[in-house]
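S.K.: Pasting start-v2.pdb here (PDB, C-alpha atoms):
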ATOM      1  CA  MET A   1      -8.011-103.824 305.007  1.00  0.00           C
ATOM      2  CA  GLY A   2      -5.469-106.497 304.032  1.00  0.00           C
ATOM      3  CA  VAL A   3      -5.307-108.795 301.063  1.00  0.00           C
ATOM      4  CA  ASP A   4      -6.773-112.260 301.586  1.00  0.00           C
ATOM      5  CA  ALA A   5      -4.051-114.819 300.702  1.00  0.00           C
ATOM      6  CA  ARG A   6      -6.796-117.136 299.392  1.00  0.00           C
ATOM      7  CA  HIS A   7      -7.721-114.517 296.796  1.00  0.00           C
ATOM      8  CA  PRO A   8      -4.472-113.255 295.245  1.00  0.00           C
ATOM      9  CA  SER A   9      -6.326-111.159 292.673  1.00  0.00           C
ATOM     10  CA  ALA A  10      -7.652-108.866 295.415  1.00  0.00           C
ATOM     11  CA  SER A  11      -6.688-105.216 295.097  1.00  0.00           C
ATOM     12  CA  VAL A  12      -3.310-104.309 296.587  1.00  0.00           C
ATOM     13  CA  PRO A  13      -3.163-100.858 298.226  1.00  0.00           C
ATOM     14  CA  PHE A  14      -0.592 -98.266 297.181  1.00  0.00           C
ATOM     15  CA  GLU A  15       0.776 -95.533 299.468  1.00  0.00           C
ATOM     16  CA  SER A  16      -0.131 -92.097 298.093  1.00  0.00           C
ATOM     17  CA  ALA A  17       2.574 -89.722 296.856  1.00  0.00           C
ATOM     18  CA  ASP A  18       2.929 -86.412 295.026  1.00  0.00           C
ATOM     19  CA  PHE A  19       4.993 -85.510 291.957  1.00  0.00           C
ATOM     20  CA  ASP A  20       8.456 -84.113 292.731  1.00  0.00           C
ATOM     21  CA  GLU A  21      10.109 -81.164 290.938  1.00  0.00           C
ATOM     22  CA  ALA A  22      11.475 -83.502 288.217  1.00  0.00           C
ATOM     23  CA  GLY A  23       7.954 -84.732 287.379  1.00  0.00           C
ATOM     24  CA  LEU A  24       8.276 -88.109 289.140  1.00  0.00           C
ATOM     25  CA  ARG A  25       5.756 -89.734 291.503  1.00  0.00           C
ATOM     26  CA  VAL A  26       6.555 -93.057 293.246  1.00  0.00           C
ATOM     27  CA  GLU A  27       3.739 -94.967 294.973  1.00  0.00           C
ATOM     28  CA  LYS A  28       4.971 -97.981 296.952  1.00  0.00           C
ATOM     29  CA  VAL A  29       2.742-100.968 297.623  1.00  0.00           C
ATOM     30  CA  ASP A  30       1.612-100.940 301.254  1.00  0.00           C
ATOM     31  CA  MET A  31       3.291-104.247 302.185  1.00  0.00           C
ATOM     32  CA  LYS A  32       1.925-104.022 305.755  1.00  0.00           C
ATOM     33  CA  ALA A  33      -1.563-104.430 304.312  1.00  0.00           C
ATOM     34  CA  LEU A  34      -0.563-107.808 302.876  1.00  0.00           C
ATOM     35  CA  ARG A  35      -0.132-109.211 306.409  1.00  0.00           C
ATOM     36  CA  ALA A  36       0.459-112.976 306.402  1.00  0.00           C
ATOM     37  CA  CYS A  37       1.018-113.234 302.657  1.00  0.00           C
ATOM     38  CA  ALA A  38       3.743-110.545 302.503  1.00  0.00           C
ATOM     39  CA  PRO A  39       6.295-111.609 299.861  1.00  0.00           C
ATOM     40  CA  ALA A  40      10.102-111.470 300.018  1.00  0.00           C
ATOM     41  CA  PHE A  41      10.153-108.585 297.531  1.00  0.00           C
ATOM     42  CA  LYS A  42       8.863-105.022 297.336  1.00  0.00           C
ATOM     43  CA  MET A  43       6.760-103.317 294.684  1.00  0.00           C
ATOM     44  CA  SER A  44       5.828 -99.841 293.550  1.00  0.00           C
ATOM     45  CA  ARG A  45       4.417 -98.017 290.592  1.00  0.00           C
ATOM     46  CA  PHE A  46       5.785 -94.739 289.397  1.00  0.00           C
ATOM     47  CA  THR A  47       4.645 -92.080 286.968  1.00  0.00           C
ATOM     48  CA  ILE A  48       6.798 -89.569 285.111  1.00  0.00           C
ATOM     49  CA  LYS A  49       5.216 -86.507 283.517  1.00  0.00           C
ATOM     50  CA  PRO A  50       6.106 -85.591 279.903  1.00  0.00           C
ATOM     51  CA  GLY A  51       9.645 -84.175 279.859  1.00  0.00           C
ATOM     52  CA  GLY A  52      10.271 -85.414 283.420  1.00  0.00           C
ATOM     53  CA  HIS A  53      12.804 -87.952 284.632  1.00  0.00           C
ATOM     54  CA  SER A  54      13.779 -90.108 287.593  1.00  0.00           C
ATOM     55  CA  ALA A  55      16.846 -89.313 289.645  1.00  0.00           C
ATOM     56  CA  LEU A  56      19.999 -91.282 288.875  1.00  0.00           C
ATOM     57  CA  ASP A  57      19.767 -94.404 291.053  1.00  0.00           C
ATOM     58  CA  CYS A  58      22.159 -97.229 291.928  1.00  0.00           C
ATOM     59  CA  HIS A  59      21.554 -99.886 294.607  1.00  0.00           C
ATOM     60  CA  GLU A  60      22.346-103.449 295.629  1.00  0.00           C
ATOM     61  CA  ASP A  61      18.768-104.653 295.061  1.00  0.00           C
ATOM     62  CA  GLN A  62      17.880-106.362 291.803  1.00  0.00           C
ATOM     63  CA  GLU A  63      14.932-104.736 290.070  1.00  0.00           C
ATOM     64  CA  MET A  64      12.489-105.310 287.221  1.00  0.00           C
ATOM     65  CA  TRP A  65      10.351-102.673 285.548  1.00  0.00           C
ATOM     66  CA  PHE A  66       7.150-103.308 283.608  1.00  0.00           C
ATOM     67  CA  ILE A  67       6.292-100.426 281.275  1.00  0.00           C
ATOM     68  CA  ALA A  68       2.513 -99.933 281.442  1.00  0.00           C
ATOM     69  CA  ALA A  69       2.035 -96.722 279.429  1.00  0.00           C
ATOM     70  CA  GLY A  70       3.988 -94.005 277.675  1.00  0.00           C
ATOM     71  CA  GLU A  71       7.367 -93.789 276.002  1.00  0.00           C
ATOM     72  CA  GLY A  72      10.790 -93.071 277.373  1.00  0.00           C
ATOM     73  CA  GLU A  73      14.515 -93.606 277.408  1.00  0.00           C
ATOM     74  CA  LEU A  74      16.340 -95.682 279.994  1.00  0.00           C
ATOM     75  CA  THR A  75      19.977 -94.746 280.579  1.00  0.00           C
ATOM     76  CA  ARG A  76      22.131 -97.416 282.245  1.00  0.00           C
ATOM     77  CA  HIS A  77      25.790 -97.412 283.265  1.00  0.00           C
ATOM     78  CA  GLY A  78      25.939 -93.660 282.643  1.00  0.00           C
ATOM     79  CA  GLY A  79      25.525 -93.881 278.873  1.00  0.00           C
ATOM     80  CA  GLU A  80      23.779 -96.973 277.464  1.00  0.00           C
ATOM     81  CA  VAL A  81      20.395 -95.637 276.232  1.00  0.00           C
ATOM     82  CA  THR A  82      17.413 -97.897 275.477  1.00  0.00           C
ATOM     83  CA  SER A  83      13.976 -96.791 274.266  1.00  0.00           C
ATOM     84  CA  VAL A  84      11.043 -98.158 276.291  1.00  0.00           C
ATOM     85  CA  ARG A  85       7.342 -98.508 275.454  1.00  0.00           C
ATOM     86  CA  PRO A  86       4.266-100.284 276.858  1.00  0.00           C
ATOM     87  CA  GLY A  87       4.765-104.012 277.305  1.00  0.00           C
ATOM     88  CA  ASP A  88       8.531-103.792 277.793  1.00  0.00           C
ATOM     89  CA  ILE A  89      10.102-105.542 280.780  1.00  0.00           C
ATOM     90  CA  ILE A  90      13.455-104.195 281.917  1.00  0.00           C
ATOM     91  CA  GLU A  91      15.834-106.075 284.213  1.00  0.00           C
ATOM     92  CA  LEU A  92      18.204-103.986 286.325  1.00  0.00           C
ATOM     93  CA  GLY A  93      20.825-106.035 288.124  1.00  0.00           C
ATOM     94  CA  SER A  94      22.600-105.081 291.321  1.00  0.00           C
ATOM     95  CA  ASN A  95      24.717-101.925 291.313  1.00  0.00           C
ATOM     96  CA  ILE A  96      23.671-100.780 287.831  1.00  0.00           C
ATOM     97  CA  SER A  97      23.177 -97.023 287.676  1.00  0.00           C
ATOM     98  CA  HIS A  98      19.954 -96.052 285.928  1.00  0.00           C
ATOM     99  CA  THR A  99      17.602 -93.180 285.175  1.00  0.00           C
ATOM    100  CA  LEU A 100      14.412 -92.997 283.118  1.00  0.00           C
ATOM    101  CA  ARG A 101      13.221 -90.003 281.061  1.00  0.00           C
ATOM    102  CA  ASN A 102       9.734 -89.530 279.629  1.00  0.00           C
ATOM    103  CA  THR A 103      10.144 -88.712 275.916  1.00  0.00           C
ATOM    104  CA  GLY A 104       6.460 -89.010 275.037  1.00  0.00           C
ATOM    105  CA  GLU A 105       3.488 -86.674 275.149  1.00  0.00           C
ATOM    106  CA  GLY A 106       1.587 -88.594 277.853  1.00  0.00           C
ATOM    107  CA  GLU A 107       2.527 -89.871 281.303  1.00  0.00           C
ATOM    108  CA  LEU A 108       5.076 -92.714 281.511  1.00  0.00           C
ATOM    109  CA  ARG A 109       3.751 -95.339 283.973  1.00  0.00           C
ATOM    110  CA  VAL A 110       5.973 -98.100 285.304  1.00  0.00           C
ATOM    111  CA  PHE A 111       5.531-100.953 287.788  1.00  0.00           C
ATOM    112  CA  SER A 112       8.674-101.886 289.720  1.00  0.00           C
ATOM    113  CA  VAL A 113       9.548-105.036 291.677  1.00  0.00           C
ATOM    114  CA  TRP A 114      12.820-105.320 293.636  1.00  0.00           C
ATOM    115  CA  TRP A 115      14.538-107.830 295.889  1.00  0.00           C
ATOM    116  CA  MET A 116      17.955-108.616 297.361  1.00  0.00           C
TER     117      MET A 116
END
Could you write out this file's structure as C-alpha cells?
M.R.:
Amino acid sequence: MGVDARHPSASVPFESADFDEAGLRVEKVDMKALRACAPAFKMSRFTIKPGGHSALDCHEDQEMWFIAAGEGELTRHGGEVTSVRPGDIIELGSNISHTLRNTGEGELRVFSVWWM
C-alpha cells in the first residue's frame, strides 16, 4: 500500500531490520511504497541500544539527523565530540566521518534524511 500524495500525513512504511552486534538497528523508509510522490532524498530511522554505537561512516551524501529519544555522543572528523539529546538536529556535510554512541540508559532513536 503506497502513500497517497494528496495526503502527505499518511503513514510511511519502514523496512524491518534487526540489531547488529554493536547494538544498532537501521530501518530505511520503503521509498518504493511512495510511488509517484517519491522524493529526491532518502530517509531512515535507527535505534542504538544503551552502550551501543554506529559504525564509523563517511560518504558523499549530505545528511541530517533528528534525535527523537535518548542521549548520546556524536564523534565527527575522528575527534570532535558533541553531546546529543531529544530535539537536536545534526547536519553532516559531505565526506565528514561520523559515529554515534548511546551514552544513556534507554534506546537512542534517530531519524535520518540524506541526499546528494
S.K.: Work out how far atom CA of A:Glu71 is from atom CA of A:Ser83, in Å to one decimal.
M.R.: 7.5 Å
S.K.: Selected by the PyMOL selection byres ((chain A and resi 23-27) around 6) in the shown coordinates: which residues, as number ranges by chain?
M.R.: A: 14-22, 28, 44-49, 52
S.K.: Of the residues A:Ser97, A:Asn102, A:Thr75, A:Thr82, which is the one nearest to A:Pro50, using only C-alpha atoms?
M.R.: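 Of the candidates, the smallest distance to A:Pro50 is held by A:Asn102.
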S.K.: In Å, with one decimal, what is the gap from atom CA of A:Gly106 to atom CA of A:Ile90?
M.R.: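 Rounded to one decimal, the two atoms are 20.0 Å apart.
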S.K.: A:Ala69, A:Glu63, A:Gly79, A:Val29: which is nearest A:Ser112, counting only C-alpha atoms?
M.R.: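 Ranking A:Ala69, A:Glu63, A:Gly79, A:Val29 by distance to A:Ser112, first place goes to A:Glu63.
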S.K.: Quick check on the file I pasted: which residues fall under the PyMOL selection byres ((chain A and resi 96) around 7)? Write them as a PyMOL selection string.
M.R.: chain A and resi 58+76-77+92-95+97-98
S.K.: As an exercise, work out the distance from atom CA of A:Glu105 to atom CA of A:Met64 in Å and give it to one decimal place.
M.R.: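 Interatomic distance, atom CA of A:Glu105 to atom CA of A:Met64: 24.0 Å.
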S.K.: Hey, which of A:Lys32, A:Arg109, A:Lys42, A:His53 ends up closest to A:Pro86? Count only C-alpha atoms.
M.R.: A:Arg109
S.K.: Taking only C-alpha atoms into account, which of A:Met43, A:Met31, A:Val12, A:Leu56 comes nearest A:Thr99?
M.R.: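 Closest to A:Thr99 of all the choices is A:Leu56.
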S.K.: Once you count only C-alpha atoms, which residues end up no further than 8 Å from (4.9, -104.6, 283.5) in the file's frame, shown as a tab-separated table (two decimals) with C-alpha atoms, keeping the file's coordinate frame?
M.R.:
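Dumped everything to result01.tsv:
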chain	number	residue	atom	x	y	z
A	65	TRP	CA	10.35	-102.67	285.55
A	66	PHE	CA	7.15	-103.31	283.61
A	67	ILE	CA	6.29	-100.43	281.27
A	68	ALA	CA	2.51	-99.93	281.44
A	86	PRO	CA	4.27	-100.28	276.86
A	87	GLY	CA	4.76	-104.01	277.30
A	88	ASP	CA	8.53	-103.79	277.79
A	89	ILE	CA	10.10	-105.54	280.78
A	110	VAL	CA	5.97	-98.10	285.30
A	111	PHE	CA	5.53	-100.95	287.79
A	112	SER	CA	8.67	-101.89	289.72
S.K.: Could you add whatever atoms are missing so that stretch 83-94 of chain A carries all heavy atoms, then write the result as a CSV table (one decimal), keeping the file's coordinate frame?
M.R.:
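This is the output file out-v9.csv:
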chain,number,residue,atom,x,y,z
A,83,SER,N,15.4,-97.3,274.3
A,83,SER,CA,14.0,-96.8,274.3
A,83,SER,C,13.1,-97.8,274.9
A,83,SER,O,13.3,-99.0,274.8
A,83,SER,CB,13.5,-96.6,272.8
A,83,SER,OG,14.3,-95.6,272.2
A,84,VAL,N,12.0,-97.3,275.6
A,84,VAL,CA,11.0,-98.2,276.3
A,84,VAL,C,9.6,-97.7,275.9
A,84,VAL,O,9.4,-96.6,275.6
A,84,VAL,CB,11.2,-98.1,277.8
A,84,VAL,CG1,12.5,-98.6,278.3
A,84,VAL,CG2,10.9,-96.7,278.4
A,85,ARG,N,8.7,-98.7,275.8
A,85,ARG,CA,7.3,-98.5,275.5
A,85,ARG,C,6.5,-99.5,276.2
A,85,ARG,O,7.0,-100.5,276.8
A,85,ARG,CB,7.2,-98.6,273.9
A,85,ARG,CG,7.5,-99.9,273.4
A,85,ARG,CD,7.3,-100.0,271.9
A,85,ARG,NE,7.4,-101.3,271.4
A,85,ARG,CZ,8.4,-101.9,270.8
A,85,ARG,NH1,9.6,-101.2,270.8
A,85,ARG,NH2,8.4,-103.1,270.4
A,86,PRO,N,5.2,-99.4,276.2
A,86,PRO,CA,4.3,-100.3,276.9
A,86,PRO,C,4.5,-101.7,276.5
A,86,PRO,O,4.7,-102.1,275.3
A,86,PRO,CB,2.9,-99.8,276.4
A,86,PRO,CG,3.0,-98.4,276.1
A,86,PRO,CD,4.4,-98.3,275.5
A,87,GLY,N,4.5,-102.6,277.5
A,87,GLY,CA,4.8,-104.0,277.3
A,87,GLY,C,6.2,-104.4,277.5
A,87,GLY,O,6.5,-105.6,277.7
A,88,ASP,N,7.1,-103.5,277.6
A,88,ASP,CA,8.5,-103.8,277.8
A,88,ASP,C,8.8,-104.2,279.3
A,88,ASP,O,8.1,-103.6,280.2
A,88,ASP,CB,9.4,-102.6,277.5
A,88,ASP,CG,9.6,-102.3,276.0
A,88,ASP,OD1,9.1,-103.2,275.2
A,88,ASP,OD2,10.2,-101.3,275.7
A,89,ILE,N,9.7,-105.1,279.4
A,89,ILE,CA,10.1,-105.5,280.8
A,89,ILE,C,11.6,-105.3,280.8
A,89,ILE,O,12.3,-105.8,280.0
A,89,ILE,CB,9.8,-107.0,281.1
A,89,ILE,CG1,8.3,-107.2,281.0
A,89,ILE,CG2,10.3,-107.5,282.4
A,89,ILE,CD1,7.8,-108.7,281.1
A,90,ILE,N,12.0,-104.6,281.8
A,90,ILE,CA,13.5,-104.2,281.9
A,90,ILE,C,14.0,-104.8,283.2
A,90,ILE,O,13.5,-104.6,284.3
A,90,ILE,CB,13.6,-102.7,281.9
A,90,ILE,CG1,13.2,-102.1,280.6
A,90,ILE,CG2,15.1,-102.3,282.2
A,90,ILE,CD1,12.0,-101.3,280.6
A,91,GLU,N,15.1,-105.5,283.1
A,91,GLU,CA,15.8,-106.1,284.2
A,91,GLU,C,17.0,-105.2,284.6
A,91,GLU,O,17.8,-104.8,283.7
A,91,GLU,CB,16.3,-107.5,283.9
A,91,GLU,CG,16.9,-108.2,285.0
A,91,GLU,CD,18.4,-108.0,285.1
A,91,GLU,OE1,19.1,-107.8,284.1
A,91,GLU,OE2,18.9,-108.1,286.3
A,92,LEU,N,17.1,-104.8,285.8
A,92,LEU,CA,18.2,-104.0,286.3
A,92,LEU,C,18.9,-104.8,287.4
A,92,LEU,O,18.3,-105.0,288.5
A,92,LEU,CB,17.7,-102.7,286.9
A,92,LEU,CG,17.0,-101.8,285.9
A,92,LEU,CD1,16.2,-100.7,286.6
A,92,LEU,CD2,18.0,-101.1,284.9
A,93,GLY,N,20.1,-105.3,287.1
A,93,GLY,CA,20.8,-106.0,288.1
A,93,GLY,C,21.4,-105.2,289.2
A,93,GLY,O,21.2,-103.9,289.2
A,94,SER,N,22.0,-105.8,290.2
A,94,SER,CA,22.6,-105.1,291.3
A,94,SER,C,23.7,-104.1,290.9
A,94,SER,O,24.4,-104.4,289.9
A,94,SER,CB,23.3,-106.1,292.3
A,94,SER,OG,22.3,-106.9,292.8
